[in-house]
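Asker: Before I ask anything, here is the structure I am working with.
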Number of protein chains: 2
Amino acid sequence: MNGDSAQAAGLKRSEFDLPDGLVYLDGNSLGALPRAVAARIDGAVKAEWGRMLIRGWNQAGWVDLPARVGGKIAKLIGAPDASVMVGDSTSVNVFKALNAALDLMSDTESGRTVILSDSGNFPTDLYIAQGIAGAQDRWQLKIVDPDEVAGAIDESVAVLMLTEVDYRTGRLHDMAALSAAAHRAGARVIWDLAHSAGALPVDLGNVEADFAVGCGYKYLNGGPGAPAFIYVRPDHADRFGPRISGWFGHEAPFAFDQHFRPASGVQRMMVGTPPVLSLSALDTALDLWADVDMHEIRAMSIALSQLFIAEVESRCAGFGLRLASPRDPQRRGSQVSFRHAEGYAVMQALISGNVIGDFRAPDIIRFGFAPLYNSADDVRQPTGRSGR
Amino acid sequence: MNGDSAQAAGLKRSEFDLPDGLVYLDGNSLGALPRAVAARIDGAVKAEWGRMLIRGWNQAGWVDLPARVGGKIAKLIGAPDASVMVGDSTSVNVFKALNAALDLMSDTESGRTVILSDSGNFPTDLYIAQGIAGAQDRWQLKIVDPDEVAGAIDESVAVLMLTEVDYRTGRLHDMAALSAAAHRAGARVIWDLAHSAGALPVDLGNVEADFAVGCGYKYLNGGPGAPAFIYVRPDHADRFGPRISGWFGHEAPFAFDQHFRPASGVQRMMVGTPPVLSLSALDTALDLWADVDMHEIRAMSIALSQLFIAEVESRCAGFGLRLASPRDPQRRGSQVSFRHAEGYAVMQALISGNVIGDFRAPDIIRFGFAPLYNSADDVRQPTGRSGR
């Protein structure tokens, strides 16, 4: 396909149900609705739940959804087959991954006490780590500035836990370099890919991440509150007991044994009954990625964000906007943020004008670029699209 | 309304979308589809997610769903306002409740070490407790026979954790008596109401339970894998730190503070982003209960299950079926189980004949009665309804 025309049109814009006249630049917060999802959900409700009832677990394959949806995500993030499961929220998955990573360290590495993260991490990741450190005296959470992470990796660190793309500024960490540094220092690494999966190429196998988690409702377009994913490096998966040991993480859930025996592999990270309706939405949303090259997505994302910065800085010069994102697109995820003293009011005015981004206190306005549906038209003519 | 006619027709059968000719006696595993749910979900997908996009969190009230749906459940289980939240799976909620209950004990009650449960508890509850006991040396899980629970409550017990209705036999615990005994002994009590909510009257306030959890997809008809609920006694809610401390349990999630400060009340039990689509399904499913008297439901349930036992024992005499449920309906939840050496084959044959119950190893066949849609017709004429 022709890259220029795709960029003008949005790679798969016709596959999304977006309101006419709306410029939607908030797919980094909630992805748009893929057209095929409504029919899939309707079928999951009426034909599966309504007609099959309990038989749907086998007849409709509900029981396999966490692994099947995980398999589609694995392809997008460079993870091996059968290393990703989908279920629970990102926060719960951070809890599972961090406990597992600490478990891997606790017997052999008694001198390590630090969970290292940065102030650019999403707050819930930090809250989860605070909760774990608060409950187990051994661990302490150390939060440094994003630029200071590399320098803070030393032999006190048990686990390095970072989000690749800063949710406020879009600043991109160098996953491969930081993972390698952590491993050289003997630490484990957890990556939160909430703003990475579906936004830029990720190659978990190559960076040798130990654990990863991520979100189903941003660039993956799984719908509001879609279930999240969790990745476990295959050679770790049988070496820890899951911290939340529920029946779907059991070796044989339907044997109804009285004693927990963890399933092999990443399956042991599952806990309760899978959320079938929301997994079904995400399953269909992920089909849009089957023939997509993430390097093409990345090129389009960079072209869009560069164009956006250029247009904003030229049209809005003198109005007090300052670029909050790295200017170098190689150091930025798929979003652009500006600071403005009246950021909240600016964003409210944009939304009133049918241009949707979002605001993050105290002064950040964010714009996400999802090349599956965003195009140069969204960037160049926002006022022309609002209808008047 | 006339109780007899309701019993013949199913109290609200016309509000459910059930296949013609099917006798569905498995609502204790997966509740049937309320007709209004399909339209609600379709609206949540197309009109809310599709049109409002990120604005749905406020415009469609997504952010309030966990508490709003929790409020509807609170009415069904005799819980005070604002004491129930909905989200995560039952298993994850057991994990939260058990950790919280143990936290309440740990400072002041150092002699208590036992988590007491019984062999009739659903396996995932036992697995969760095993995981907690395995990770924290102080606690040990003690599993006794259901009949021995009362006698095992002593001053070694930190937490009594039970499911009111045994998932295999339907045997009903005396919640009020066991809670009182546990409290007299100084222990905390957690009730799993998976087979209780929507099945029989529950009065959490009156039994003074400390915590409760339960399932959205059985008698509450929230759909496969629907989110679960959690109840915290209001005077406990501000006395423990949530074990899984995520951003939706923060006092001010959208302040994006770096440090966790628990929300007040049961809100602190929330963790990640609420699952909007599945919460919407459950929200609408719960509207069916607004004008329902749980004592009427209980009377209908008992009438149906007594009729069922009488019909089975008379029609199937001599075929090796043994009643596995208590014969006294006051000691039984809303299900009837029989044992049969060829139980699995028997259930497969029934399913082939359009009568759906389920099988639990090694020899139990179970039949659930949901008076919102089940009626005496389901019990009396199953073969006549299969249509051949």
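A note on labels: chains of the structure tokens are A, B, ... as shown, every chain counts residues from 1, and ligands are counted from 1 in their shown order.
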Fit chain B to chain A, all Cα atoms paired in order, least squares. Then write it as a compact mmCIF listing (two decimals) with C-alpha atoms, in the first residue's frame.
Answerer:
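Here's the written file result_4.txt:
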# COMPACT_ATOMS: atom_id res chain seq x y z
CA MET B 1 -0.02 -0.02 0.04
CA ASN B 2 0.95 3.57 -0.44
CA GLY B 3 2.24 5.11 2.77
CA ASP B 4 1.32 8.67 1.90
CA SER B 5 -2.29 7.91 1.11
CA ALA B 6 -2.62 5.78 4.22
CA GLN B 7 -1.31 8.63 6.26
CA ALA B 8 -3.82 10.99 4.76
CA ALA B 9 -6.71 8.60 5.30
CA GLY B 10 -5.88 6.66 8.47
CA LEU B 11 -4.70 3.12 7.77
CA LYS B 12 -8.05 1.51 8.63
CA ARG B 13 -10.34 4.42 9.35
CA SER B 14 -13.27 2.83 7.54
CA GLU B 15 -13.12 -0.04 10.02
CA PHE B 16 -13.87 2.34 12.91
CA ASP B 17 -17.16 3.87 13.92
CA LEU B 18 -16.12 7.47 14.64
CA PRO B 19 -18.56 10.39 14.85
CA ASP B 20 -18.58 12.63 11.79
CA GLY B 21 -16.80 15.90 12.32
CA LEU B 22 -14.95 14.75 15.41
CA VAL B 23 -11.17 14.94 15.61
CA TYR B 24 -10.35 12.22 18.10
CA LEU B 25 -6.83 12.47 19.47
CA ASP B 26 -7.39 10.55 22.69
CA GLY B 27 -6.84 6.97 21.62
CA ASN B 28 -4.03 6.86 24.16
CA SER B 29 -6.71 7.10 26.82
CA LEU B 30 -9.63 5.21 25.23
CA GLY B 31 -9.34 3.76 21.74
CA ALA B 32 -12.14 4.25 19.21
CA LEU B 33 -14.81 1.64 18.46
CA PRO B 34 -13.93 -0.85 15.73
CA ARG B 35 -17.07 -1.40 13.65
CA ALA B 36 -16.90 -5.18 13.93
CA VAL B 37 -17.03 -5.07 17.72
CA ALA B 38 -20.72 -4.18 18.00
CA ALA B 39 -21.76 -7.25 16.02
CA ARG B 40 -19.36 -9.48 17.93
CA ILE B 41 -20.71 -8.32 21.28
CA ASP B 42 -24.27 -8.64 20.08
CA GLY B 43 -23.49 -12.21 19.05
CA ALA B 44 -21.73 -12.96 22.31
CA VAL B 45 -24.80 -11.75 24.19
CA LYS B 46 -27.65 -13.16 22.09
CA ALA B 47 -26.26 -16.17 20.22
CA GLU B 48 -23.73 -17.32 22.81
CA TRP B 49 -24.97 -16.36 26.27
CA GLY B 50 -28.65 -16.32 25.26
CA ARG B 51 -28.80 -19.55 23.22
CA MET B 52 -25.90 -21.66 24.45
CA LEU B 53 -26.10 -20.55 28.06
CA ILE B 54 -23.65 -22.59 30.14
CA ARG B 55 -22.67 -24.60 27.06
CA GLY B 56 -20.94 -21.47 25.70
CA TRP B 57 -17.84 -22.23 27.78
CA ASN B 58 -17.07 -25.04 25.35
CA GLN B 59 -19.28 -24.43 22.31
CA ALA B 60 -18.28 -20.81 21.91
CA GLY B 61 -14.77 -21.33 23.23
CA TRP B 62 -15.16 -18.90 26.13
CA VAL B 63 -12.75 -20.91 28.22
CA ASP B 64 -9.97 -20.35 25.69
CA LEU B 65 -10.48 -16.59 25.33
CA PRO B 66 -7.76 -15.46 27.76
CA ALA B 67 -5.09 -17.43 25.89
CA ARG B 68 -6.50 -16.79 22.41
CA VAL B 69 -6.68 -13.04 22.93
CA GLY B 70 -3.28 -13.20 24.60
CA GLY B 71 -1.88 -14.87 21.51
CA LYS B 72 -2.98 -11.95 19.34
CA ILE B 73 -1.34 -9.49 21.71
CA ALA B 74 1.83 -11.59 21.86
CA LYS B 75 2.32 -11.05 18.13
CA LEU B 76 2.07 -7.28 18.62
CA ILE B 77 4.68 -7.13 21.36
CA GLY B 78 7.21 -9.63 20.09
CA ALA B 79 6.39 -12.22 22.74
CA PRO B 80 6.65 -15.97 22.15
CA ASP B 81 3.52 -18.06 21.67
CA ALA B 82 1.67 -18.96 24.86
CA SER B 83 3.46 -16.35 26.96
CA VAL B 84 0.62 -13.80 27.26
CA MET B 85 -2.76 -14.12 28.97
CA VAL B 86 -5.58 -11.59 29.13
CA GLY B 87 -7.75 -10.91 32.15
CA ASP B 88 -8.08 -8.66 35.20
CA SER B 89 -7.06 -4.99 35.13
CA THR B 90 -3.63 -3.58 34.42
CA SER B 91 -3.29 -2.69 38.11
CA VAL B 92 -4.06 -6.24 39.25
CA ASN B 93 -1.61 -7.53 36.67
CA VAL B 94 1.10 -5.18 37.97
CA PHE B 95 0.43 -6.64 41.41
CA LYS B 96 0.84 -10.20 40.09
CA ALA B 97 3.95 -9.40 38.07
CA LEU B 98 5.70 -7.49 40.82
CA ASN B 99 5.04 -10.18 43.41
CA ALA B 100 6.27 -12.83 41.01
CA ALA B 101 9.41 -10.87 40.20
CA LEU B 102 10.12 -10.36 43.89
CA ASP B 103 9.48 -14.06 44.56
CA LEU B 104 12.10 -14.95 41.98
CA MET B 105 14.62 -12.86 43.94
CA SER B 106 13.71 -13.56 47.49
CA ASP B 107 15.43 -16.85 48.18
CA THR B 108 18.72 -16.31 46.47
CA GLU B 109 19.27 -12.58 46.60
CA SER B 110 18.76 -11.50 50.16
CA GLY B 111 20.79 -8.31 49.80
CA ARG B 112 18.47 -6.79 47.27
CA THR B 113 15.70 -4.67 48.74
CA VAL B 114 14.80 -2.04 46.17
CA ILE B 115 11.91 -1.84 43.74
CA LEU B 116 13.18 0.84 41.38
CA SER B 117 10.74 2.96 39.40
CA ASP B 118 10.46 6.52 38.16
CA SER B 119 8.26 9.55 38.59
CA GLY B 120 7.05 9.14 35.02
CA ASN B 121 5.41 5.84 35.81
CA PHE B 122 1.64 5.78 35.87
CA PRO B 123 0.47 6.35 39.45
CA THR B 124 -1.34 3.03 39.81
CA ASP B 125 1.91 1.14 39.18
CA LEU B 126 3.56 3.14 41.95
CA TYR B 127 0.55 2.62 44.26
CA ILE B 128 0.69 -1.14 43.73
CA ALA B 129 4.41 -1.15 44.55
CA GLN B 130 3.81 1.01 47.63
CA GLY B 131 1.21 -1.48 48.81
CA ILE B 132 3.60 -4.39 48.39
CA ALA B 133 6.46 -2.55 50.08
CA GLY B 134 4.13 -1.51 52.90
CA ALA B 135 3.01 -5.08 53.52
CA GLN B 136 6.45 -6.70 53.35
CA ASP B 137 9.14 -4.94 55.32
CA ARG B 138 11.90 -6.28 53.16
CA TRP B 139 11.05 -4.22 50.08
CA GLN B 140 11.28 -0.49 49.56
CA LEU B 141 10.10 1.48 46.59
CA LYS B 142 12.60 3.95 45.19
CA ILE B 143 11.24 6.53 42.76
CA VAL B 144 13.75 8.54 40.73
CA ASP B 145 13.41 10.96 37.83
CA PRO B 146 13.14 9.26 34.45
CA ASP B 147 16.56 10.54 33.43
CA GLU B 148 18.12 9.07 36.55
CA VAL B 149 16.90 5.51 36.14
CA ALA B 150 19.97 4.19 34.37
CA GLY B 151 22.25 5.61 37.04
CA ALA B 152 20.17 4.19 39.87
CA ILE B 153 20.44 0.58 38.73
CA ASP B 154 22.79 -1.14 41.13
CA GLU B 155 23.07 -4.31 43.17
CA SER B 156 20.49 -3.15 45.70
CA VAL B 157 17.79 -3.35 43.04
CA ALA B 158 15.60 -6.43 43.07
CA VAL B 159 13.17 -5.29 40.40
CA LEU B 160 13.17 -2.46 37.88
CA MET B 161 9.57 -1.56 37.09
CA LEU B 162 8.89 1.03 34.43
CA THR B 163 6.32 2.18 31.92
CA GLU B 164 7.94 2.50 28.52
CA VAL B 165 6.00 5.62 27.50
CA ASP B 166 5.39 8.39 30.02
CA TYR B 167 1.62 8.98 30.16
CA ARG B 168 2.06 12.72 30.53
CA THR B 169 4.92 13.66 28.25
CA GLY B 170 5.16 10.70 25.89
CA ARG B 171 8.87 10.35 26.77
CA LEU B 172 10.08 6.93 25.66
CA HIS B 173 12.45 4.78 27.70
CA ASP B 174 15.06 2.66 25.96
CA MET B 175 13.64 -0.72 26.91
CA ALA B 176 16.49 -2.78 25.53
CA ALA B 177 19.25 -0.72 27.16
CA LEU B 178 17.56 -0.44 30.57
CA SER B 179 16.61 -4.12 30.58
CA ALA B 180 20.18 -5.08 29.76
CA ALA B 181 21.53 -2.80 32.48
CA ALA B 182 19.14 -4.24 35.03
CA HIS B 183 20.04 -7.78 34.06
CA ARG B 184 23.75 -7.00 34.24
CA ALA B 185 23.13 -5.76 37.78
CA GLY B 186 21.23 -8.95 38.58
CA ALA B 187 17.76 -7.41 38.82
CA ARG B 188 14.46 -8.43 37.23
CA VAL B 189 12.56 -6.14 34.89
CA ILE B 190 8.86 -5.43 34.53
CA TRP B 191 7.62 -3.28 31.67
CA ASP B 192 4.21 -1.63 31.59
CA LEU B 193 3.27 -1.41 27.93
CA ALA B 194 0.01 0.50 28.42
CA HIS B 195 1.07 3.18 25.94
CA SER B 196 3.22 0.89 23.81
CA ALA B 197 1.13 -2.07 22.65
CA GLY B 198 -0.41 -1.05 19.34
CA ALA B 199 1.45 2.25 19.39
CA LEU B 200 5.00 1.30 18.50
CA PRO B 201 7.06 -1.81 17.77
CA VAL B 202 7.81 -3.81 20.90
CA ASP B 203 10.07 -6.81 20.87
CA LEU B 204 9.81 -8.37 24.32
CA GLY B 205 11.73 -11.45 23.36
CA ASN B 206 14.64 -9.43 22.11
CA VAL B 207 14.81 -7.08 25.10
CA GLU B 208 14.56 -10.08 27.42
CA ALA B 209 11.97 -8.53 29.67
CA ASP B 210 11.08 -10.72 32.61
CA PHE B 211 7.48 -9.60 32.92
CA ALA B 212 5.22 -7.17 31.11
CA VAL B 213 1.70 -5.90 31.52
CA GLY B 214 -0.48 -3.65 29.44
CA CYS B 215 -3.83 -2.21 28.75
CA GLY B 216 -6.59 -3.41 26.42
CA TYR B 217 -8.50 -0.16 26.02
CA LYS B 218 -5.97 2.31 24.64
CA TYR B 219 -4.29 1.60 21.30
CA LEU B 220 -5.76 -1.92 21.26
CA ASN B 221 -9.32 -0.52 21.11
CA GLY B 222 -10.90 -3.10 23.41
CA GLY B 223 -13.46 -0.74 24.92
CA PRO B 224 -13.78 1.10 28.23
CA GLY B 225 -12.28 -0.96 31.04
CA ALA B 226 -11.24 -3.76 28.67
CA PRO B 227 -9.24 -6.52 30.35
CA ALA B 228 -5.48 -6.14 30.51
CA PHE B 229 -2.67 -8.50 29.55
CA ILE B 230 0.28 -10.04 31.32
CA TYR B 231 3.45 -11.52 29.86
CA VAL B 232 5.82 -13.84 31.68
CA ARG B 233 9.14 -14.87 30.18
CA PRO B 234 8.63 -18.57 29.49
CA ASP B 235 11.63 -19.79 31.47
CA HIS B 236 10.42 -17.93 34.58
CA ALA B 237 6.82 -19.05 34.45
CA ASP B 238 7.20 -22.27 36.40
CA ARG B 239 9.54 -20.84 39.02
CA PHE B 240 7.17 -18.80 41.20
CA GLY B 241 3.87 -19.40 42.92
CA PRO B 242 1.21 -16.95 41.79
CA ARG B 243 0.51 -14.45 44.56
CA ILE B 244 -3.23 -14.50 43.83
CA SER B 245 -3.87 -18.20 43.41
CA GLY B 246 -7.35 -18.61 41.94
CA TRP B 247 -9.07 -21.46 40.18
CA PHE B 248 -8.32 -20.36 36.62
CA GLY B 249 -4.63 -20.47 37.51
CA HIS B 250 -4.98 -24.07 38.71
CA GLU B 251 -3.55 -26.95 36.73
CA ALA B 252 -7.04 -28.46 36.46
CA PRO B 253 -9.72 -25.90 37.38
CA PHE B 254 -12.59 -28.26 36.69
CA ALA B 255 -11.24 -31.05 38.84
CA PHE B 256 -12.39 -28.91 41.81
CA ASP B 257 -9.51 -30.17 43.91
CA GLN B 258 -9.21 -28.81 47.41
CA HIS B 259 -5.52 -27.95 46.96
CA PHE B 260 -3.98 -25.44 44.61
CA ARG B 261 -1.52 -26.71 42.04
CA PRO B 262 -0.38 -23.96 39.70
CA ALA B 263 -0.92 -24.43 35.99
CA SER B 264 2.22 -24.44 33.91
CA GLY B 265 3.37 -21.29 32.18
CA VAL B 266 1.62 -17.95 32.15
CA GLN B 267 -1.74 -19.67 32.74
CA ARG B 268 -0.90 -19.61 36.46
CA MET B 269 -1.31 -15.83 36.35
CA MET B 270 -5.01 -16.23 35.69
CA VAL B 271 -7.22 -15.93 38.77
CA GLY B 272 -11.02 -15.91 38.45
CA THR B 273 -13.61 -16.64 35.81
CA PRO B 274 -12.69 -14.87 32.55
CA PRO B 275 -14.76 -11.78 31.63
CA VAL B 276 -16.28 -13.23 28.47
CA LEU B 277 -18.16 -10.24 27.08
CA SER B 278 -15.26 -7.80 27.39
CA LEU B 279 -12.75 -10.40 26.19
CA SER B 280 -14.93 -10.92 23.13
CA ALA B 281 -14.83 -7.20 22.34
CA LEU B 282 -11.06 -7.11 22.66
CA ASP B 283 -10.70 -10.30 20.62
CA THR B 284 -12.48 -8.75 17.66
CA ALA B 285 -10.75 -5.39 18.07
CA LEU B 286 -7.40 -7.17 17.81
CA ASP B 287 -8.27 -8.69 14.44
CA LEU B 288 -7.56 -5.27 12.92
CA TRP B 289 -3.86 -5.84 13.62
CA ALA B 290 -3.52 -9.14 11.79
CA ASP B 291 -2.06 -7.62 8.61
CA VAL B 292 -0.47 -4.53 10.14
CA ASP B 293 3.25 -3.92 10.22
CA MET B 294 4.11 -2.14 13.47
CA HIS B 295 7.05 -0.44 11.79
CA GLU B 296 4.62 1.12 9.32
CA ILE B 297 2.41 2.19 12.24
CA ARG B 298 5.43 3.74 13.90
CA ALA B 299 6.40 5.65 10.75
CA MET B 300 2.87 6.98 10.40
CA SER B 301 2.72 7.90 14.08
CA ILE B 302 5.96 9.85 13.81
CA ALA B 303 4.81 11.62 10.66
CA LEU B 304 1.52 12.60 12.33
CA SER B 305 3.11 13.79 15.55
CA GLN B 306 5.82 15.76 13.75
CA LEU B 307 3.19 17.42 11.58
CA PHE B 308 1.11 18.15 14.67
CA ILE B 309 4.00 19.83 16.50
CA ALA B 310 4.85 21.90 13.42
CA GLU B 311 1.23 22.99 12.90
CA VAL B 312 0.66 23.85 16.57
CA GLU B 313 3.91 25.74 16.93
CA SER B 314 3.27 27.72 13.79
CA ARG B 315 -0.46 28.43 14.26
CA CYS B 316 -0.34 28.99 18.03
CA ALA B 317 2.96 30.85 18.30
CA GLY B 318 2.86 33.41 21.07
CA PHE B 319 -0.03 31.83 23.01
CA GLY B 320 2.10 30.35 25.75
CA LEU B 321 2.22 26.70 24.68
CA ARG B 322 5.44 24.83 25.46
CA LEU B 323 6.20 21.40 24.06
CA ALA B 324 6.28 18.95 26.97
CA SER B 325 7.23 15.94 24.84
CA PRO B 326 10.71 15.20 23.57
CA ARG B 327 11.20 16.95 20.26
CA ASP B 328 13.13 14.00 18.91
CA PRO B 329 10.45 11.56 17.70
CA GLN B 330 12.72 8.61 18.44
CA ARG B 331 12.47 9.52 22.11
CA ARG B 332 8.67 9.87 22.07
CA GLY B 333 5.77 7.40 22.05
CA SER B 334 2.66 7.99 19.98
CA GLN B 335 1.50 11.13 21.77
CA VAL B 336 2.39 14.81 21.92
CA SER B 337 1.91 16.95 25.00
CA PHE B 338 2.09 20.67 25.53
CA ARG B 339 2.14 22.65 28.71
CA HIS B 340 -0.05 25.70 29.14
CA ALA B 341 -0.87 27.64 32.28
CA GLU B 342 -4.55 27.47 31.34
CA GLY B 343 -4.30 23.91 30.02
CA TYR B 344 -7.59 22.76 31.48
CA ALA B 345 -9.54 25.62 29.89
CA VAL B 346 -7.70 25.16 26.60
CA MET B 347 -8.69 21.50 26.47
CA GLN B 348 -12.29 22.27 27.38
CA ALA B 349 -12.41 24.77 24.52
CA LEU B 350 -10.93 22.25 22.11
CA ILE B 351 -13.47 19.62 23.16
CA SER B 352 -16.27 22.13 22.62
CA GLY B 353 -14.85 22.54 19.13
CA ASN B 354 -14.98 18.77 18.50
CA VAL B 355 -11.26 18.22 18.96
CA ILE B 356 -10.75 15.67 21.73
CA GLY B 357 -7.50 15.27 23.60
CA ASP B 358 -7.17 15.31 27.35
CA PHE B 359 -5.74 17.22 30.28
CA ARG B 360 -3.41 16.00 33.03
CA ALA B 361 -2.83 18.19 36.04
CA PRO B 362 -1.30 20.59 36.56
CA ASP B 363 -0.77 21.99 33.07
CA ILE B 364 -0.49 19.28 30.42
CA ILE B 365 -2.68 18.88 27.36
CA ARG B 366 -2.17 15.55 25.59
CA PHE B 367 -2.89 14.38 22.07
CA GLY B 368 -2.57 10.75 21.05
CA PHE B 369 -2.05 9.48 17.52
CA ALA B 370 -3.53 6.14 16.53
CA PRO B 371 -2.58 5.59 12.90
CA LEU B 372 -5.23 2.91 12.47
CA TYR B 373 -7.77 5.75 12.38
CA ASN B 374 -5.96 9.07 12.76
CA SER B 375 -4.70 10.79 9.67
CA ALA B 376 -3.08 13.98 8.50
CA ASP B 377 -6.60 15.38 8.01
CA ASP B 378 -7.08 15.17 11.77
CA VAL B 379 -4.00 17.29 12.24
CA ARG B 380 -4.30 19.80 9.43
CA GLN B 381 -7.93 20.83 9.40
CA PRO B 382 -9.45 20.37 12.81
CA THR B 383 -11.54 23.51 12.69
CA GLY B 384 -12.80 22.67 9.21
CA ARG B 385 -14.07 19.33 10.49
CA SER B 386 -16.07 20.53 13.42
CA GLY B 387 -18.85 21.48 11.05
CA ARG B 388 -19.26 24.73 13.08
Asker: Quick one: DSSP alpha helix (DSSP H) residues in region 67-309 of chain A, as a ChimeraX atom specification?
Answerer: /A:67-76,90-106,123-135,149-152,175-184,204-207,276-286,294-309
Asker: List every residue of region 82-135 of chain A that DSSP, applied to the backbone of this structure, assigns to strand (DSSP E), and report them as a short mmCIF file (atom, residue, chain, number, x, y, z; two decimals) with N, CA and C atoms, in the first residue's frame.
Answerer:
data_model
loop_
_atom_site.label_atom_id
_atom_site.label_comp_id
_atom_site.auth_asym_id
_atom_site.auth_seq_id
_atom_site.Cartn_x
_atom_site.Cartn_y
_atom_site.Cartn_z
N VAL A 84 1.46 -14.96 26.88
CA VAL A 84 0.62 -13.81 27.25
C VAL A 84 -0.79 -14.30 27.55
N MET A 85 -1.36 -13.85 28.64
CA MET A 85 -2.76 -14.12 28.97
C MET A 85 -3.46 -12.80 29.17
N VAL A 86 -4.79 -12.82 28.97
CA VAL A 86 -5.57 -11.60 29.13
C VAL A 86 -6.64 -11.81 30.19
N VAL A 114 15.41 -3.21 46.85
CA VAL A 114 14.81 -2.05 46.18
C VAL A 114 13.94 -2.45 44.98
N ILE A 115 12.73 -1.88 44.96
CA ILE A 115 11.92 -1.85 43.75
C ILE A 115 12.18 -0.47 43.15
N LEU A 116 12.80 -0.44 41.99
CA LEU A 116 13.17 0.84 41.38
C LEU A 116 12.16 1.24 40.32
N SER A 117 11.64 2.45 40.44
CA SER A 117 10.75 2.96 39.40
C SER A 117 11.02 4.45 39.22
N ASP A 118 10.21 5.10 38.39
CA ASP A 118 10.47 6.52 38.15
C ASP A 118 9.19 7.34 38.28
#
